[in-house]
Amino acid sequence: AGARPAPTTAARLAGLGPAERRTTLLALVRDLAAAVLGHASADAVEADQLFTEQGFDSLTAVELRNHLATATALTLPPTLLFDHATPELLAAHLDQRLLDAPTGGDPAAPADRPAGDTLSGLFKQACESGRVDEGFALLQAAAALRPTFASPRELAAALEPIRLSKGETGTPFVCFSSYVALAGVHQYARFASAFRGERDVWALPTQGFGTGEALPASFDAIAALQAEAVTRTVGDGPVVLVGSSSGGILALAAARHLQEQGRPPAAVVLLDTYMPRADSPFLKFSQQMLGGMFDRESMFAHMDTDRLTAMSWYISLIGEWEPGPLDSPVVLVRSSEPPVPAGLSGPLEREEWQSSWERAHTTIDVAGNHFTMMETHARSTADATGAWLGSLGQDS
């Protein structure tokens with residue numbers, strides 16, 4: 001009863017040729033995916049279709065990851081289904097991981113070591129002890145050792161978005177991942193699920209958060225890279241740029257870049273974005289916000305050295321910033337609950353914690369706090385966004 005099922009998976013693969021191994025692993029992925037989604041059989045899971053288009057969101061993606069980790073005895077990241085976006089691609093990845101794994105165990109599993117004996121551990125300790133600034137100084141020193149790029153042409157590969165929803169009646173969305181350590185396309189999975197069958201929803205990863213990726217040498221460099229990715233994804237047609245949390249800053253920068261090229265977006269949606277200012281209410285809760293990230297690490301992404309140093313780099317790079325004039329309508333969809341249950345010294349007035357931007361054409365309050373409005377309340381956040389676009393005549 002206590003035996004791990006992994007030897008059974010390994011035994012099923014032993015002696016098989018490459019094609020048979022891949023077929024066996026694809027069947028495993030489809031069987032487990034069908035079980036997570038509640039389908040009667042694996043026939044309901046298409047091998048070459050995106051997981052996100054087959055009903056997976058951030059929570060069910062983690063559930064499937066957990067089942068696959070148990071079945072293969074591999075250490076798998078929470079973002080597995082977003083990094084390998086179809087059952088076929090995922091089966092190929094698992095095959096290679098199993099081939100690379102020595103008999104003694106999984107090479108990707110972290111070695112036993114004290115919790116503070118890593119950059120992530122040291123940063124977490126700094127945050128927990130109220131020494132956030134010193135923690136960021138440590139990250140920034142490490143980030144300065146990483147390679148940078150000054151223009152998109154310097155990168156070996158283009159920035160590739162992933163489609164989270166498919167539809168033809170609404171203006172497509174391109175969503176910008178935040179520049180925090182948990183950043184990634186997964187943060188839009190539940191939000192995008194509300195638009196399936198209605199509109200295409202694409203999500204862009206943030207350059208520099210992947211293993212070995214170069215960081216932008218300037219804010220203009222990342223704006224140019226992401227604006228180029230938007231154009232490559234949707235062509236010359238209308239597009240709505242969406243940014244959750246700090247992803248809204250990147251969306252605004254890309255919108256400005258596109259406008260300068262004569263192709264302004266149809267609209268910009270800011271989802272609880274705090275503008276990077278010295279008087280931002282966000283700064284009052286920075287320690288609590290970082291605590292929220294650590295609490296969600298097991299669900300979304302491991303906060304490794306690449307992610308943490310990228311977060312520090314972007315925060316320093318952007319500093320205090322305000323976009324130039326924008327022709328596109330902008331909505332701020334913000335949380336109606338404070339990021340922490342109570343203030344640092346008692347109840348807070350709304351202006352002491354709520355996001356705001358005087359240049360937004362419309363401000364809409366939705367259920368949830370900074371985190372839960374994109375998690376538990378993601379559907380109501382999506383509904384508010386869709387209704388606003390409808391009021392502009394952007395969608396039927």
# chains A, B, ... in the order shown; residues from 1 in each chain; ligands from 1
call {"tool": "residues_around", "arguments": {"residues": "range 25-40 of chain A", "least_positions_apart": "3", "cutoff": "9 Å", "atoms": "only C-alpha atoms", "output": "PyMOL selection string"}}
result
chain A and resi 9+13+20-22+43-47+51+54-56+60-61+63-64+67-68+71+87-92+94-95
call {"tool": "residues_around", "arguments": {"residues": "range 360-368 of chain A", "least_positions_apart": "3", "cutoff": "10 Å", "atoms": "only C-alpha atoms", "output": "JSON, numbers by chain"}}
result
{"A": [268, 269, 270, 271, 272, 328, 329, 330, 331, 332, 333, 334, 335, 336, 337, 338, 339, 354, 355, 356, 357, 371, 372, 373, 374, 375, 376, 377, 378, 379, 380, 381, 382, 383, 384, 385, 388]}
call {"tool": "write_last_selection", "arguments": {"atoms": "N, CA, C and O atoms", "output": "compact mmCIF listing (two decimals), in the first residue's frame"}}
result
# COMPACT_ATOMS: atom_id res chain seq x y z
N VAL A 268 -6.71 49.25 -23.26
CA VAL A 268 -5.77 48.70 -22.29
C VAL A 268 -6.53 48.42 -21.00
O VAL A 268 -7.26 49.29 -20.51
N VAL A 269 -6.38 47.21 -20.47
CA VAL A 269 -7.04 46.80 -19.23
C VAL A 269 -5.98 46.60 -18.16
O VAL A 269 -5.08 45.77 -18.31
N LEU A 270 -6.08 47.36 -17.09
CA LEU A 270 -5.18 47.23 -15.94
C LEU A 270 -5.92 46.50 -14.83
O LEU A 270 -6.97 46.97 -14.38
N LEU A 271 -5.40 45.38 -14.41
CA LEU A 271 -6.04 44.58 -13.36
C LEU A 271 -5.29 44.78 -12.05
O LEU A 271 -4.25 44.18 -11.82
N ASP A 272 -5.80 45.68 -11.24
CA ASP A 272 -5.21 46.03 -9.94
C ASP A 272 -3.73 46.39 -10.06
O ASP A 272 -2.89 45.89 -9.31
N SER A 328 -5.45 55.25 -26.58
CA SER A 328 -6.35 54.13 -26.30
C SER A 328 -7.11 54.34 -25.00
O SER A 328 -6.54 54.85 -24.03
N PRO A 329 -8.37 53.92 -24.93
CA PRO A 329 -9.09 53.96 -23.65
C PRO A 329 -8.48 52.97 -22.67
O PRO A 329 -8.04 51.88 -23.05
N VAL A 330 -8.43 53.37 -21.40
CA VAL A 330 -7.81 52.54 -20.36
C VAL A 330 -8.81 52.35 -19.23
O VAL A 330 -9.44 53.32 -18.78
N VAL A 331 -8.95 51.11 -18.75
CA VAL A 331 -9.78 50.82 -17.59
C VAL A 331 -8.89 50.24 -16.49
O VAL A 331 -7.98 49.46 -16.76
N LEU A 332 -9.14 50.67 -15.27
CA LEU A 332 -8.50 50.08 -14.09
C LEU A 332 -9.55 49.25 -13.37
O LEU A 332 -10.51 49.78 -12.82
N VAL A 333 -9.38 47.93 -13.42
CA VAL A 333 -10.26 47.01 -12.70
C VAL A 333 -9.52 46.65 -11.41
O VAL A 333 -8.47 46.01 -11.44
N ARG A 334 -10.03 47.09 -10.28
CA ARG A 334 -9.26 46.97 -9.05
C ARG A 334 -10.02 46.19 -7.97
O ARG A 334 -11.24 46.05 -8.00
N SER A 335 -9.26 45.69 -7.02
CA SER A 335 -9.82 44.89 -5.94
C SER A 335 -10.62 45.77 -4.98
O SER A 335 -10.32 46.96 -4.80
N SER A 336 -11.62 45.17 -4.36
CA SER A 336 -12.46 45.90 -3.39
C SER A 336 -12.11 45.55 -1.96
O SER A 336 -12.74 46.04 -1.02
N GLU A 337 -11.10 44.68 -1.77
CA GLU A 337 -10.66 44.29 -0.44
C GLU A 337 -9.18 44.58 -0.29
O GLU A 337 -8.42 44.43 -1.25
N PRO A 338 -8.72 45.02 0.88
CA PRO A 338 -7.29 45.31 1.06
C PRO A 338 -6.45 44.05 0.93
O PRO A 338 -6.94 42.93 1.12
N PRO A 339 -5.17 44.21 0.59
CA PRO A 339 -4.30 43.04 0.39
C PRO A 339 -4.05 42.24 1.65
O PRO A 339 -3.69 41.07 1.59
N GLN A 354 -5.98 51.06 -1.84
CA GLN A 354 -6.54 50.69 -3.14
C GLN A 354 -5.73 51.30 -4.29
O GLN A 354 -5.25 52.42 -4.21
N SER A 355 -5.57 50.52 -5.36
CA SER A 355 -4.87 51.02 -6.54
C SER A 355 -5.69 52.12 -7.20
O SER A 355 -6.92 52.13 -7.14
N SER A 356 -4.99 53.07 -7.85
CA SER A 356 -5.68 54.16 -8.54
C SER A 356 -4.75 54.72 -9.61
O SER A 356 -3.52 54.62 -9.50
N TRP A 357 -5.36 55.30 -10.62
CA TRP A 357 -4.60 56.02 -11.66
C TRP A 357 -5.52 57.06 -12.27
O TRP A 357 -6.54 56.72 -12.87
N PHE A 371 -4.79 39.37 -4.81
CA PHE A 371 -4.52 38.02 -5.29
C PHE A 371 -5.81 37.32 -5.74
O PHE A 371 -5.87 36.76 -6.84
N THR A 372 -6.83 37.35 -4.89
CA THR A 372 -8.01 36.51 -5.15
C THR A 372 -8.88 37.01 -6.30
O THR A 372 -9.68 36.26 -6.83
N MET A 373 -8.75 38.29 -6.69
CA MET A 373 -9.54 38.76 -7.83
C MET A 373 -9.14 38.06 -9.12
O MET A 373 -9.90 38.03 -10.08
N MET A 374 -7.93 37.46 -9.13
CA MET A 374 -7.49 36.68 -10.29
C MET A 374 -7.48 35.18 -9.99
O MET A 374 -7.04 34.39 -10.82
N GLU A 375 -7.97 34.82 -8.82
CA GLU A 375 -8.03 33.41 -8.45
C GLU A 375 -9.50 33.03 -8.20
O GLU A 375 -10.22 32.71 -9.15
N THR A 376 -9.94 33.08 -6.97
CA THR A 376 -11.32 32.70 -6.65
C THR A 376 -12.34 33.53 -7.42
O THR A 376 -13.38 33.01 -7.86
N HIS A 377 -12.07 34.82 -7.60
CA HIS A 377 -13.02 35.73 -8.23
C HIS A 377 -12.63 36.07 -9.67
O HIS A 377 -13.07 37.10 -10.20
N ALA A 378 -11.85 35.21 -10.31
CA ALA A 378 -11.39 35.51 -11.67
C ALA A 378 -12.55 35.67 -12.64
O ALA A 378 -12.50 36.49 -13.58
N ARG A 379 -13.63 34.92 -12.44
CA ARG A 379 -14.76 35.00 -13.36
C ARG A 379 -15.43 36.38 -13.30
O ARG A 379 -15.74 36.97 -14.34
N SER A 380 -15.63 36.89 -12.10
CA SER A 380 -16.27 38.21 -11.99
C SER A 380 -15.35 39.30 -12.52
O SER A 380 -15.82 40.30 -13.08
N THR A 381 -14.05 39.12 -12.35
CA THR A 381 -13.09 40.08 -12.92
C THR A 381 -13.18 40.07 -14.44
O THR A 381 -13.19 41.12 -15.09
N ALA A 382 -13.27 38.87 -15.02
CA ALA A 382 -13.39 38.75 -16.47
C ALA A 382 -14.72 39.34 -16.95
O ALA A 382 -14.77 40.02 -17.99
N ASP A 383 -15.79 39.09 -16.22
CA ASP A 383 -17.10 39.62 -16.61
C ASP A 383 -17.10 41.15 -16.62
O ASP A 383 -17.66 41.78 -17.52
N ALA A 384 -16.47 41.75 -15.61
CA ALA A 384 -16.40 43.21 -15.55
C ALA A 384 -15.59 43.77 -16.71
O ALA A 384 -15.95 44.80 -17.31
N THR A 385 -14.52 43.08 -17.06
CA THR A 385 -13.70 43.50 -18.20
C THR A 385 -14.48 43.42 -19.50
O THR A 385 -14.47 44.35 -20.31
N TRP A 388 -17.14 46.17 -19.77
CA TRP A 388 -16.57 47.47 -20.10
C TRP A 388 -16.26 47.57 -21.59
O TRP A 388 -16.57 48.57 -22.24
call {"tool": "residues_around", "arguments": {"residues": "Ser246 in chain A", "least_positions_apart": "5", "cutoff": "10 Å", "atoms": "only C-alpha atoms", "output": "PyMOL selection string"}}
result
chain A and resi 176-180+183+251+270-276+314-315
call {"tool": "select_by_dssp", "arguments": {"residues": "range 126-200 of chain A", "states": "strand (DSSP E or B)", "output": "mmCIF file with N, CA, C and O atoms, in the first residue's frame"}}
result
data_model
loop_
_atom_site.group_PDB
_atom_site.id
_atom_site.type_symbol
_atom_site.label_atom_id
_atom_site.label_comp_id
_atom_site.auth_asym_id
_atom_site.auth_seq_id
_atom_site.Cartn_x
_atom_site.Cartn_y
_atom_site.Cartn_z
ATOM 1 N N THR A 148 22.454 40.776 -20.732
ATOM 2 C CA THR A 148 21.360 41.671 -21.088
ATOM 3 C C THR A 148 21.267 41.807 -22.610
ATOM 4 O O THR A 148 22.182 41.434 -23.338
ATOM 5 N N PHE A 149 20.142 42.356 -23.079
ATOM 6 C CA PHE A 149 19.963 42.643 -24.505
ATOM 7 C C PHE A 149 19.445 44.066 -24.654
ATOM 8 O O PHE A 149 18.690 44.562 -23.807
ATOM 9 N N ILE A 162 1.449 32.171 -25.407
ATOM 10 C CA ILE A 162 0.665 30.948 -25.430
ATOM 11 C C ILE A 162 -0.807 31.338 -25.447
ATOM 12 O O ILE A 162 -1.204 32.310 -24.797
ATOM 13 N N ARG A 163 -1.594 30.621 -26.236
ATOM 14 C CA ARG A 163 -3.019 30.929 -26.311
ATOM 15 C C ARG A 163 -3.757 30.197 -25.203
ATOM 16 O O ARG A 163 -3.695 28.979 -25.082
ATOM 17 N N LEU A 164 -4.481 30.957 -24.388
ATOM 18 C CA LEU A 164 -5.229 30.406 -23.267
ATOM 19 C C LEU A 164 -6.706 30.219 -23.591
ATOM 20 O O LEU A 164 -7.410 29.503 -22.885
ATOM 21 N N SER A 165 -7.187 30.877 -24.621
ATOM 22 C CA SER A 165 -8.593 30.791 -25.002
ATOM 23 C C SER A 165 -8.699 30.991 -26.505
ATOM 24 O O SER A 165 -7.885 31.700 -27.106
ATOM 25 N N PHE A 173 -7.321 39.370 -26.842
ATOM 26 C CA PHE A 173 -6.548 39.893 -25.727
ATOM 27 C C PHE A 173 -5.109 39.411 -25.854
ATOM 28 O O PHE A 173 -4.862 38.256 -26.221
ATOM 29 N N VAL A 174 -4.166 40.262 -25.508
ATOM 30 C CA VAL A 174 -2.796 39.829 -25.242
ATOM 31 C C VAL A 174 -2.482 40.268 -23.823
ATOM 32 O O VAL A 174 -2.536 41.462 -23.501
ATOM 33 N N CYS A 175 -2.201 39.297 -22.949
ATOM 34 C CA CYS A 175 -2.001 39.551 -21.521
ATOM 35 C C CYS A 175 -0.500 39.552 -21.197
ATOM 36 O O CYS A 175 0.247 38.714 -21.700
ATOM 37 N N PHE A 176 -0.093 40.458 -20.351
ATOM 38 C CA PHE A 176 1.313 40.630 -19.994
ATOM 39 C C PHE A 176 1.559 40.086 -18.589
ATOM 40 O O PHE A 176 0.930 40.529 -17.625
#
call {"tool": "atom_distance", "arguments": {"atom1": "CA of Ser218 in chain A", "atom2": "CA of Gln259 in chain A"}}
result
19.0 Å
call {"tool": "residues_around", "arguments": {"residues": "range 221-236 of chain A", "least_positions_apart": "2", "cutoff": "10 Å", "atoms": "only C-alpha atoms", "output": "JSON, numbers by chain"}}
result
{"A": [148, 149, 150, 151, 152, 153, 155, 158, 159, 160, 161, 162, 163, 171, 172, 173, 174, 175, 176, 200, 202, 203, 204, 205, 206, 207, 208, 215, 216, 217, 218, 219, 238, 239, 240, 241, 249, 250, 251, 252, 253, 254, 255, 256, 257, 258, 259, 261, 263, 265, 314]}
call {"tool": "select_by_dssp", "arguments": {"residues": "range 6-222 of chain A", "states": "alpha helix (DSSP H)", "output": "PyMOL selection string"}}
result
chain A and resi 6-13+18-37+58-72+80-83+87-100+119-128+132-143+189-193+219-222
call {"tool": "closest_residue", "arguments": {"among": "A:Ala10, A:Cys127, A:Ala157, A:Ala69", "to": "Leu98 in chain A", "atoms": "only C-alpha atoms"}}
result
A:Ala10
